[in-house]
Amino acid sequence: MSAAPKGKAAKPAAKGSAPAASDAKAKAAKKALVKGTHGTKQRKIRTTPYFRRPRTLRLPKNPKYPRRSVAKTSSLDQYRVITHPLNTEAAMKEIEDHNTLVFIVDLKATKKHIKDAVKKLYDVNVTRVNTLIRPDGRKKAFVRLSAEHDALEIANKIGFI
């Protein structure tokens with residue numbers, strides 16, 4: 001008689017493990033195909049009643065061709081910035097007392113535009129520019145000249161005194 005227990009035959013270990021491993025692998029592949037590879041997803045708990053869109057990548061514009069054939073140039077040159085000098089009694093008092101010229105300027109002109117225009121047109125150094133918009137809708141500029149230039153002399157050069 002053999003030493004093996006009744007009803008159970010001795011199996012060789014090497015031969016039996018190879019088919020069992022491939023069978024388990026095939027079952028796992030079937031399960032992945034039926035259920036999907038990603039398991040159940042945990043849902044995030046919402047703490048606010050509104051949705052904030054997440055900030056995503058925004059690439060800069062990279063056009064294939066220019067949309068405008070010629071670049072737009074600034075139409076505010078020194079001749080357009082300064083419309084005309086103002087020669088009222090109050091403006092004359094500013095010229096005499098504060099070394100300041102008074103101009104009516106373009107509504108879109110900034111203080112920097114006005115300063116550059118006066119510098120180019122009349123070849124003077126500007127200390128400060130103050131502006132206001134008059135009730136009639138036009139912009140008035142008070143251009144204070146540096147101490148080395150006399151506003152009265154420049155006003156004579158312009159020709160409104």
# chains A, B, ... in the order shown; residues from 1 in each chain; ligands from 1
call {"tool": "select_by_dssp", "arguments": {"residues": "range 8-160 of chain A", "states": "alpha helix (DSSP H)", "output": "PyMOL selection string"}}
result
chain A and resi 13-35+78-81+89-98+111-122+151-158
call {"tool": "residues_around", "arguments": {"residues": "Lys108 in chain A", "least_positions_apart": "6", "cutoff": "12 Å", "atoms": "only C-alpha atoms", "output": "PDB file with C-alpha atoms, in the first residue's frame"}}
result
ATOM      1  CA  SER A  74      -0.836 107.504 -33.002  1.00  0.00           C
ATOM      2  CA  SER A  75      -2.839 110.397 -34.434  1.00  0.00           C
ATOM      3  CA  LEU A  76      -2.006 112.635 -31.441  1.00  0.00           C
ATOM      4  CA  ASP A  77       1.062 114.485 -32.744  1.00  0.00           C
ATOM      5  CA  ARG A  80      -3.108 117.921 -32.795  1.00  0.00           C
ATOM      6  CA  VAL A  81      -2.422 117.937 -29.040  1.00  0.00           C
ATOM      7  CA  ILE A  82      -2.285 121.738 -28.726  1.00  0.00           C
ATOM      8  CA  THR A  83      -5.354 123.280 -30.361  1.00  0.00           C
ATOM      9  CA  ILE A 114       0.998 118.143 -23.567  1.00  0.00           C
ATOM     10  CA  THR A 131      -5.323 120.269 -16.740  1.00  0.00           C
ATOM     11  CA  ILE A 133     -12.103 120.120 -18.498  1.00  0.00           C
ATOM     12  CA  GLY A 137     -16.381 120.232 -22.812  1.00  0.00           C
ATOM     13  CA  ARG A 138     -12.916 121.369 -23.937  1.00  0.00           C
ATOM     14  CA  LYS A 139      -9.700 120.673 -22.042  1.00  0.00           C
ATOM     15  CA  LYS A 140      -7.585 123.542 -20.713  1.00  0.00           C
TER      16      LYS A 140
END
call {"tool": "atom_distance", "arguments": {"atom1": "CA of Asn99 in chain A", "atom2": "CA of Glu148 in chain A"}}
result
10.3 Å
call {"tool": "closest_residue", "arguments": {"among": "A:Ile95, A:Pro54, A:Ile104, A:Gly39", "to": "Asp136 in chain A", "atoms": "only C-alpha atoms"}}
result
A:Ile104
call {"tool": "select_by_dssp", "arguments": {"residues": "chain A", "states": "strand (DSSP E or B)", "output": "ChimeraX atom specification"}}
result
/A:82-85,100-105,126-133,139-145
call {"tool": "write_last_selection", "arguments": {"atoms": "N, CA and C atoms", "output": "PDB file, in the first residue's frame"}}
result
ATOM      1  N   ILE A  82      -2.017 120.352 -29.096  1.00  0.00           N
ATOM      2  CA  ILE A  82      -2.285 121.738 -28.726  1.00  0.00           C
ATOM      3  C   ILE A  82      -3.175 122.350 -29.797  1.00  0.00           C
ATOM      4  N   THR A  83      -4.412 122.686 -29.417  1.00  0.00           N
ATOM      5  CA  THR A  83      -5.354 123.280 -30.361  1.00  0.00           C
ATOM      6  C   THR A  83      -5.017 124.753 -30.587  1.00  0.00           C
ATOM      7  N   HIS A  84      -4.994 125.551 -29.495  1.00  0.00           N
ATOM      8  CA  HIS A  84      -4.599 126.965 -29.596  1.00  0.00           C
ATOM      9  C   HIS A  84      -4.303 127.505 -28.206  1.00  0.00           C
ATOM     10  N   PRO A  85      -3.498 128.592 -28.140  1.00  0.00           N
ATOM     11  CA  PRO A  85      -3.258 129.209 -26.835  1.00  0.00           C
ATOM     12  C   PRO A  85      -4.472 130.027 -26.406  1.00  0.00           C
ATOM     13  N   THR A 100       3.416 130.821 -16.483  1.00  0.00           N
ATOM     14  CA  THR A 100       2.594 129.707 -16.974  1.00  0.00           C
ATOM     15  C   THR A 100       1.882 130.091 -18.258  1.00  0.00           C
ATOM     16  N   LEU A 101       1.952 129.223 -19.262  1.00  0.00           N
ATOM     17  CA  LEU A 101       1.198 129.405 -20.506  1.00  0.00           C
ATOM     18  C   LEU A 101      -0.090 128.602 -20.405  1.00  0.00           C
ATOM     19  N   VAL A 102      -1.175 129.113 -21.002  1.00  0.00           N
ATOM     20  CA  VAL A 102      -2.466 128.432 -20.943  1.00  0.00           C
ATOM     21  C   VAL A 102      -2.879 128.072 -22.366  1.00  0.00           C
ATOM     22  N   PHE A 103      -3.226 126.802 -22.568  1.00  0.00           N
ATOM     23  CA  PHE A 103      -3.605 126.302 -23.887  1.00  0.00           C
ATOM     24  C   PHE A 103      -4.931 125.573 -23.816  1.00  0.00           C
ATOM     25  N   ILE A 104      -5.650 125.573 -24.948  1.00  0.00           N
ATOM     26  CA  ILE A 104      -6.768 124.650 -25.142  1.00  0.00           C
ATOM     27  C   ILE A 104      -6.167 123.458 -25.883  1.00  0.00           C
ATOM     28  N   VAL A 105      -6.374 122.267 -25.338  1.00  0.00           N
ATOM     29  CA  VAL A 105      -5.746 121.067 -25.897  1.00  0.00           C
ATOM     30  C   VAL A 105      -6.803 120.038 -26.273  1.00  0.00           C
ATOM     31  N   VAL A 126       9.502 122.320 -19.583  1.00  0.00           N
ATOM     32  CA  VAL A 126       8.250 122.409 -18.835  1.00  0.00           C
ATOM     33  C   VAL A 126       8.462 121.825 -17.444  1.00  0.00           C
ATOM     34  N   THR A 127       8.027 122.592 -16.427  1.00  0.00           N
ATOM     35  CA  THR A 127       8.139 122.114 -15.053  1.00  0.00           C
ATOM     36  C   THR A 127       6.942 121.255 -14.675  1.00  0.00           C
ATOM     37  N   ARG A 128       5.729 121.782 -14.952  1.00  0.00           N
ATOM     38  CA  ARG A 128       4.531 121.069 -14.531  1.00  0.00           C
ATOM     39  C   ARG A 128       3.385 121.380 -15.480  1.00  0.00           C
ATOM     40  N   VAL A 129       2.462 120.433 -15.599  1.00  0.00           N
ATOM     41  CA  VAL A 129       1.254 120.624 -16.415  1.00  0.00           C
ATOM     42  C   VAL A 129       0.044 120.305 -15.545  1.00  0.00           C
ATOM     43  N   ASN A 130      -0.889 121.263 -15.467  1.00  0.00           N
ATOM     44  CA  ASN A 130      -2.168 121.040 -14.794  1.00  0.00           C
ATOM     45  C   ASN A 130      -3.262 121.134 -15.841  1.00  0.00           C
ATOM     46  N   THR A 131      -4.244 120.256 -15.751  1.00  0.00           N
ATOM     47  CA  THR A 131      -5.323 120.269 -16.740  1.00  0.00           C
ATOM     48  C   THR A 131      -6.674 120.297 -16.044  1.00  0.00           C
ATOM     49  N   LEU A 132      -7.662 120.790 -16.796  1.00  0.00           N
ATOM     50  CA  LEU A 132      -9.048 120.714 -16.340  1.00  0.00           C
ATOM     51  C   LEU A 132      -9.936 120.664 -17.568  1.00  0.00           C
ATOM     52  N   ILE A 133     -11.133 120.143 -17.403  1.00  0.00           N
ATOM     53  CA  ILE A 133     -12.103 120.120 -18.498  1.00  0.00           C
ATOM     54  C   ILE A 133     -13.131 121.200 -18.206  1.00  0.00           C
ATOM     55  N   LYS A 139     -10.722 120.828 -23.080  1.00  0.00           N
ATOM     56  CA  LYS A 139      -9.700 120.673 -22.042  1.00  0.00           C
ATOM     57  C   LYS A 139      -8.757 121.874 -22.062  1.00  0.00           C
ATOM     58  N   LYS A 140      -8.505 122.418 -20.874  1.00  0.00           N
ATOM     59  CA  LYS A 140      -7.585 123.542 -20.713  1.00  0.00           C
ATOM     60  C   LYS A 140      -6.352 123.040 -19.986  1.00  0.00           C
ATOM     61  N   ALA A 141      -5.159 123.463 -20.460  1.00  0.00           N
ATOM     62  CA  ALA A 141      -3.906 123.040 -19.846  1.00  0.00           C
ATOM     63  C   ALA A 141      -3.116 124.254 -19.382  1.00  0.00           C
ATOM     64  N   PHE A 142      -2.662 124.207 -18.135  1.00  0.00           N
ATOM     65  CA  PHE A 142      -1.788 125.229 -17.574  1.00  0.00           C
ATOM     66  C   PHE A 142      -0.378 124.657 -17.596  1.00  0.00           C
ATOM     67  N   VAL A 143       0.491 125.222 -18.446  1.00  0.00           N
ATOM     68  CA  VAL A 143       1.837 124.687 -18.636  1.00  0.00           C
ATOM     69  C   VAL A 143       2.825 125.619 -17.938  1.00  0.00           C
ATOM     70  N   ARG A 144       3.381 125.171 -16.833  1.00  0.00           N
ATOM     71  CA  ARG A 144       4.347 125.966 -16.080  1.00  0.00           C
ATOM     72  C   ARG A 144       5.725 125.751 -16.667  1.00  0.00           C
ATOM     73  N   LEU A 145       6.382 126.851 -17.032  1.00  0.00           N
ATOM     74  CA  LEU A 145       7.711 126.772 -17.644  1.00  0.00           C
ATOM     75  C   LEU A 145       8.784 126.830 -16.565  1.00  0.00           C
TER      76      LEU A 145
END
call {"tool": "closest_residue", "arguments": {"among": "A:Lys112, A:Lys93, A:Lys41, A:Lys120", "to": "Leu152 in chain A", "atoms": "only C-alpha atoms"}}
result
A:Lys93
call {"tool": "atom_distance", "arguments": {"atom1": "CA of Thr88 in chain A", "atom2": "CA of Phe160 in chain A"}}
result
10.3 Å
call {"tool": "closest_residue", "arguments": {"among": "A:His98, A:Arg134, A:Lys35, A:Arg55", "to": "Asp150 in chain A", "atoms": "only C-alpha atoms"}}
result
A:His98
call {"tool": "closest_residue", "arguments": {"among": "A:Pro60, A:Val70, A:Asp123, A:Glu96", "to": "Ile158 in chain A", "atoms": "only C-alpha atoms"}}
result
A:Asp123
